[in-house]
Amino acid sequence: MVDTSINYPLLQSKLTVPSVQSTLVPRARLFEQLEETLAKRLAIVVSPAGFGKSSLLGSWCARLKTRPTAAGIGLGWLSLDEMDNDPARFWHYFVRAWCIALGDNEIEEEVSRLIRTFTPAPVDAILTLLINELSVSVNPDQPLVVVLDDYHLLTENSIHKGMSLFVERVPPGVHLVLATRFDPNLPLARYRIRDWLVEVRAEDLLFSEEETAHFFEDTIRFKLSREEVKKLSTRTEGWVAGLQMAGLALQGQKKTGKDTFRFIEDFAGSHRFILDYLSEEVLANLPGDLRDFLLRTSILEKFNRPLCEVVTGSTNAGSLLSRLEEANLFIILLDDKREGFRYHHLFGEVLRELAPV
C-alpha cells in the first residue's frame, strides 16, 4: 500500500487525451452511439484487447473539441494502470480529471489534504466534496465528460463501490465513460433499467468491409481489391488489431513481390505478429486453470459445456466457460440460451498453435 501521508505528484501524461492519427478511419456510426453519452450518466466501451477502444475514444474527444458547441463541453481523461488500485492514488487522480474538465482546481487542494490526513482515504468525504462541486458548477447545457481508460486494471473493491456511489449521485450534465476489456464491477442492470447507460460492445467495434478498405488505403497506405478486402475481413472477423498486423505484414511482403491474395488466404493465428500479440497481451495474464482450459478446448470448432467436460476431463467446465465470458476472452456466443460457443478464428488458431501435441 502506498504511504498516503506523502503528497506524491500526479503524472500529467495519465491525464492527457492521447493524440490520434489524422489518418484514422472515421467511425461515424460509433460516434453516434457515443453522442448518446451526453444524455446518460455512464457509457462503457467493452471489448477484448486490440479492438480500438482507446483510439475510438481519443477520436471522439477530438471530435467533441472541434464541434460548434465545443466551448461548452469540458473534457477530462485518465489512463489507468495497476498502481491505481491504491484508493488514495486513484481518488486523487479521479478528482484531478474532473477538475481539468471543470477548468477549476479549487477542490483538489481540499481532497489532497484529506488524503494526507486520513488512512485509508475517506472516500465518502472525497466524493461528497466532488459531487457538491459538480452540482453547483455544471450547467446541463455545458456538460462535462471524463474518460477512464483501461478500467479493467482496477481490482480494488472499495474503488468499485465508490464509483457506484458516484454514478448514483452525479448531477445532470456530468458524464462518465469507461473503456474496459470486460464489464466493470458496477450494477449495470440497474443502470439499464434506469436508462442511465450507453453500451458499446466488441461487435460494435468490429470493422465493416468498407471501414477495412478505408483503413488499408488511408492508414496502412496499401490498396486492396474488393475481393482482398472481403477475404481479409473474413479472416480477421473485423478485429482491428488483426487488421493492423496484417497491414504491417503486407507492407513487408510487398517488397518481395508475393501475391497479396495468397498472403491474405494464408494469414492465420500462427503468424508471429498475431501469435506474439495474443500471447503477451491476453494469455500471459490469465490464471493457469483458464489458460489450460483454453488450450485443451482449442481443438473444438464449436463447443458447449458437456463437450468441454469430455475434452478436458473436468466437471467444472460450466464455471470456466462463465469466467471466459466474463473476461471477454475472444469467445463468441452462438445462441440466445448461452449454450453454444466458438472462439474468434485467429484466437482459436493461436491456441491451437500453442497447445501441447
# chains A, B, ... in the order shown; residues from 1 in each chain; ligands from 1
>>> residues_around(residues="His344 (chain A)", least_positions_apart="4", cutoff="8 Å", atoms="only C-alpha atoms", output="ChimeraX atom specification")
/A:237,330-332,348
>>> residues_around(residues="Leu354 (chain A)", least_positions_apart="5", cutoff="9 Å", atoms="only C-alpha atoms", output="number ranges by chain")
A: 275, 295, 349
>>> residues_around(residues="Thr180 (chain A)", least_positions_apart="3", cutoff="7 Å", atoms="only C-alpha atoms", output="list of chain:residue names")
A:Val45, A:Val46, A:Ser47, A:Asp149, A:Asp150, A:Tyr151, A:His152, A:Asp183
>>> write_last_selection(atoms="C-alpha atoms", output="short mmCIF file (atom, residue, chain, number, x, y, z; two decimals), in the first residue's frame")
data_model
loop_
_atom_site.label_atom_id
_atom_site.label_comp_id
_atom_site.auth_asym_id
_atom_site.auth_seq_id
_atom_site.Cartn_x
_atom_site.Cartn_y
_atom_site.Cartn_z
CA VAL A 45 -16.86 0.62 -24.17
CA VAL A 46 -16.20 -3.09 -23.64
CA SER A 47 -14.11 -5.45 -25.76
CA ASP A 149 -9.21 4.18 -19.95
CA ASP A 150 -8.23 0.59 -19.06
CA TYR A 151 -10.74 0.37 -16.22
CA HIS A 152 -10.33 -3.44 -16.20
CA ASP A 183 -17.78 -5.47 -17.75
#
>>> closest_atom_pairs(of="region 133-175 of chain A", to="region 113-129 of chain A", cutoff="12 Å", atoms="only C-alpha atoms", output="CSV")
residue,atom,partner,partner_atom,distance
A:Glu133,CA,A:Leu129,CA,6.2
A:Leu134,CA,A:Leu129,CA,8.7
A:Ser135,CA,A:Leu129,CA,10.0
A:Val136,CA,A:Leu129,CA,11.0
A:Ser158,CA,A:Val123,CA,8.6
A:Ile159,CA,A:Val123,CA,8.6
A:His160,CA,A:Val123,CA,11.2
A:Lys161,CA,A:Val123,CA,9.5
A:Gly162,CA,A:Val123,CA,6.7
A:Met163,CA,A:Leu127,CA,9.1
A:Ser164,CA,A:Leu127,CA,10.9
A:Leu165,CA,A:Leu127,CA,8.2
A:Phe166,CA,A:Leu127,CA,6.8
A:Val167,CA,A:Leu127,CA,10.6
A:Glu168,CA,A:Leu127,CA,11.3
A:Arg169,CA,A:Thr128,CA,9.3
A:Val170,CA,A:Leu127,CA,9.8
>>> closest_residue(among="A:Val310, A:Leu224, A:Ala62, A:Leu329", to="Arg181 (chain A)", atoms="only C-alpha atoms")
A:Leu329
